[in-house]
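The structure under discussion appears below in the form of structure tokens.
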Amino acid sequence: MSPTLFQPAICDLTALDDGALRLLLLARLSAVPVATTVANWRYAGTAPAERLKISQFFPDHPVLAAVLIPLVERQSGLSVLLTRRAGHLRHHAGQISFPGGRIESSDADALDAALRETEEEIGLSRTHVSIIGFLPDHLIISGYRVTPVIGFVAPNFNLKIDTTEVAESFEVPLAFFLDSRNHIKRMRTFESQELEFTEIRYGTHNIWGATAGMLMTLYRILSGVDL
């Protein structure tokens with residue numbers, strides 16, 4: 001099936017300048033982690049009767065994890081710092097992701113875990129990050145419940161990538177993700193169920209899966225669309 005595009009959002013995010021977008025982020029993001037959502041993003045457009053079938057494939061006791069969604073404060077506007085996972089990894093090799101990982105017993109909380117993992121994976125010090133809020137937790141079929149942490153990042157940083165985990169890092173203008181014309185819907189078969197997923201392509205990078213899901217959650221929250 002050929003890709004289709006999302007309909008225009010309730011709030012046209014492409015009409016906002018950088019200052020207005022910053023204010024919207026601060027106004028609509030949760031100040032604390034959100035363990036539950038009104039409707040989980042992973043179900044996409046599936047009917048309620050099908051959701052019960054799909055839910056059995058997600059873990060009852062997922063591993064707790066956290067990621068940082070770094071919004072770099074460039075003069076041209078906010079950009080999203082992403083990573084491409086190393087090709088030799090056992091899970092999700094080569095996929096686009098946010099820096100992060102499981103919450104360890106030594107971590108104070110999800111925020112601490114997201115900042116620690118970011119420092120370990122790409123060498124971005126937490127001193128460069130100003131936390132502005134959280135997205136609702138995301139359940140991932142690989143067995144994790146992920147808390148997305150969002151922060152503004154001062155641009156005068158030098159990254160030191162851990163090549164055992166990360167192949168590269170790159171930035172995408174936040175405005176690109178907030179433009180519905182860049183949201184490509186794909187139908188995929190999962191456990192005999194036809195599900196609708198979103199892909200976002202930027203240059204040679206194809207952003208999909210949990211990363212695209214989190215970006216779409218951010219888009220919906222900022223747009224004023226119900227989750």
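All residue names refer to the structure tokens as shown: chains lettered A, B, ... in order, residues numbered from 1 in each chain, ligands numbered from 1 in order.
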
Test item: residues at most 7 Å from A:Arg102, only C-alpha atoms, excluding those fewer than 2 positions along its chain, as a ChimeraX atom specification: /A:63-66,104

Produce a file of the selected residues containing N, CA and C atoms, as an mmCIF file, in the first residue's frame.
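What landed in out-v9.cif:
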```
data_model
loop_
_atom_site.group_PDB
_atom_site.id
_atom_site.type_symbol
_atom_site.label_atom_id
_atom_site.label_comp_id
_atom_site.auth_asym_id
_atom_site.auth_seq_id
_atom_site.Cartn_x
_atom_site.Cartn_y
_atom_site.Cartn_z
ATOM 1 N N VAL A 63 10.762 -4.139 31.504
ATOM 2 C CA VAL A 63 11.949 -3.553 32.110
ATOM 3 C C VAL A 63 11.835 -2.034 32.015
ATOM 4 N N LEU A 64 12.087 -1.349 33.119
ATOM 5 C CA LEU A 64 11.978 0.109 33.127
ATOM 6 C C LEU A 64 13.209 0.730 32.467
ATOM 7 N N ALA A 65 12.961 1.694 31.606
ATOM 8 C CA ALA A 65 14.038 2.357 30.881
ATOM 9 C C ALA A 65 13.683 3.831 30.698
ATOM 10 N N ALA A 66 14.660 4.596 30.223
ATOM 11 C CA ALA A 66 14.434 6.023 29.996
ATOM 12 C C ALA A 66 15.309 6.491 28.855
ATOM 13 N N GLU A 104 18.935 1.564 36.030
ATOM 14 C CA GLU A 104 19.705 0.700 36.923
ATOM 15 C C GLU A 104 19.392 1.026 38.383
#
```

Could you pull out the alpha helix (DSSP H) residues of stretch 102-209 of chain A, going by DSSP on the backbone, and write them as number ranges by chain? A: 110-122, 174-177, 209

Selection file, N, CA and C atoms, as an mmCIF file, in the first residue's frame:
```cif
data_model
loop_
_atom_site.group_PDB
_atom_site.id
_atom_site.type_symbol
_atom_site.label_atom_id
_atom_site.label_comp_id
_atom_site.auth_asym_id
_atom_site.auth_seq_id
_atom_site.Cartn_x
_atom_site.Cartn_y
_atom_site.Cartn_z
ATOM 1 N N ALA A 110 14.095 7.887 36.665
ATOM 2 C CA ALA A 110 14.161 7.830 35.200
ATOM 3 C C ALA A 110 14.982 8.976 34.634
ATOM 4 N N LEU A 111 14.844 10.142 35.207
ATOM 5 C CA LEU A 111 15.611 11.302 34.745
ATOM 6 C C LEU A 111 17.105 11.048 34.888
ATOM 7 N N ASP A 112 17.507 10.544 36.038
ATOM 8 C CA ASP A 112 18.919 10.257 36.283
ATOM 9 C C ASP A 112 19.431 9.215 35.294
ATOM 10 N N ALA A 113 18.608 8.207 35.001
ATOM 11 C CA ALA A 113 19.009 7.161 34.064
ATOM 12 C C ALA A 113 19.182 7.719 32.654
ATOM 13 N N ALA A 114 18.251 8.568 32.220
ATOM 14 C CA ALA A 114 18.332 9.147 30.879
ATOM 15 C C ALA A 114 19.590 9.991 30.718
ATOM 16 N N LEU A 115 19.915 10.783 31.734
ATOM 17 C CA LEU A 115 21.103 11.630 31.669
ATOM 18 C C LEU A 115 22.382 10.798 31.725
ATOM 19 N N ARG A 116 22.392 9.763 32.567
ATOM 20 C CA ARG A 116 23.578 8.896 32.665
ATOM 21 C C ARG A 116 23.833 8.175 31.342
ATOM 22 N N GLU A 117 22.783 7.591 30.782
ATOM 23 C CA GLU A 117 22.936 6.861 29.526
ATOM 24 C C GLU A 117 23.392 7.790 28.396
ATOM 25 N N THR A 118 22.889 9.006 28.403
ATOM 26 C CA THR A 118 23.290 9.975 27.382
ATOM 27 C C THR A 118 24.773 10.306 27.506
ATOM 28 N N GLU A 119 25.230 10.479 28.739
ATOM 29 C CA GLU A 119 26.655 10.741 28.960
ATOM 30 C C GLU A 119 27.497 9.558 28.506
ATOM 31 N N GLU A 120 27.037 8.333 28.787
ATOM 32 C CA GLU A 120 27.805 7.143 28.431
ATOM 33 C C GLU A 120 27.817 6.890 26.922
ATOM 34 N N GLU A 121 26.689 7.110 26.264
ATOM 35 C CA GLU A 121 26.571 6.757 24.849
ATOM 36 C C GLU A 121 27.202 7.786 23.918
ATOM 37 N N ILE A 122 26.963 9.066 24.197
ATOM 38 C CA ILE A 122 27.450 10.090 23.250
ATOM 39 C C ILE A 122 28.295 11.169 23.917
ATOM 40 N N LEU A 174 13.559 20.426 14.700
ATOM 41 C CA LEU A 174 12.308 20.028 15.338
ATOM 42 C C LEU A 174 11.122 20.354 14.442
ATOM 43 N N ALA A 175 11.198 21.466 13.720
ATOM 44 C CA ALA A 175 10.111 21.867 12.830
ATOM 45 C C ALA A 175 9.819 20.797 11.782
ATOM 46 N N PHE A 176 10.830 20.033 11.376
ATOM 47 C CA PHE A 176 10.628 18.975 10.383
ATOM 48 C C PHE A 176 9.697 17.906 10.940
ATOM 49 N N PHE A 177 9.899 17.539 12.197
ATOM 50 C CA PHE A 177 9.063 16.515 12.813
ATOM 51 C C PHE A 177 7.649 17.021 13.099
ATOM 52 N N GLY A 209 9.399 2.919 14.291
ATOM 53 C CA GLY A 209 9.353 2.196 15.548
ATOM 54 C C GLY A 209 9.095 3.097 16.741
#
```

For stretch 158-168 of chain A: contacts at 8 Å, only C-alpha atoms, fewer than 5 positions along chain excluded, given as a VMD selection string: chain A and resid 83 to 87 89 94 120 to 124

Leaving out A:Val129 and any residue of its chain fewer than 2 positions from it, which residues lie within 8 Å of it when counting only C-alpha atoms, given as a PDB file with N, CA and C atoms, in the first residue's frame?
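part-v5.pdb, written as the output of this step:
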```
ATOM      1  N   PRO A  70      16.841  15.161  23.270  1.00  0.00           N
ATOM      2  CA  PRO A  70      17.605  16.410  23.403  1.00  0.00           C
ATOM      3  C   PRO A  70      17.202  17.421  22.324  1.00  0.00           C
ATOM      4  N   SER A 125      27.312  15.892  28.381  1.00  0.00           N
ATOM      5  CA  SER A 125      27.245  16.091  29.821  1.00  0.00           C
ATOM      6  C   SER A 125      25.883  16.644  30.232  1.00  0.00           C
ATOM      7  N   ARG A 126      25.412  16.191  31.376  1.00  0.00           N
ATOM      8  CA  ARG A 126      24.133  16.675  31.893  1.00  0.00           C
ATOM      9  C   ARG A 126      24.184  18.161  32.227  1.00  0.00           C
ATOM     10  N   THR A 127      25.384  18.710  32.357  1.00  0.00           N
ATOM     11  CA  THR A 127      25.490  20.143  32.638  1.00  0.00           C
ATOM     12  C   THR A 127      25.037  20.987  31.445  1.00  0.00           C
ATOM     13  N   ILE A 131      16.210  20.303  31.780  1.00  0.00           N
ATOM     14  CA  ILE A 131      15.016  19.476  31.620  1.00  0.00           C
ATOM     15  C   ILE A 131      13.769  20.354  31.583  1.00  0.00           C
ATOM     16  N   GLY A 151      14.682  17.740  27.128  1.00  0.00           N
ATOM     17  CA  GLY A 151      15.479  18.831  27.674  1.00  0.00           C
ATOM     18  C   GLY A 151      16.037  19.725  26.589  1.00  0.00           C
ATOM     19  N   PHE A 152      16.187  20.999  26.916  1.00  0.00           N
ATOM     20  CA  PHE A 152      16.908  21.926  26.048  1.00  0.00           C
ATOM     21  C   PHE A 152      18.402  21.688  26.251  1.00  0.00           C
ATOM     22  N   VAL A 153      19.159  21.720  25.157  1.00  0.00           N
ATOM     23  CA  VAL A 153      20.596  21.461  25.218  1.00  0.00           C
ATOM     24  C   VAL A 153      21.349  22.681  24.710  1.00  0.00           C
ATOM     25  N   ALA A 154      22.244  23.206  25.544  1.00  0.00           N
ATOM     26  CA  ALA A 154      23.107  24.314  25.125  1.00  0.00           C
ATOM     27  C   ALA A 154      24.002  23.826  23.991  1.00  0.00           C
TER      28      ALA A 154
END
```

Smallest atom-to-atom distance to A:Ile103: which of A:Leu29, A:Leu13, A:Met216, A:Val67, using only C-alpha atoms?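 Smallest distance to A:Ile103 is found for A:Val67.
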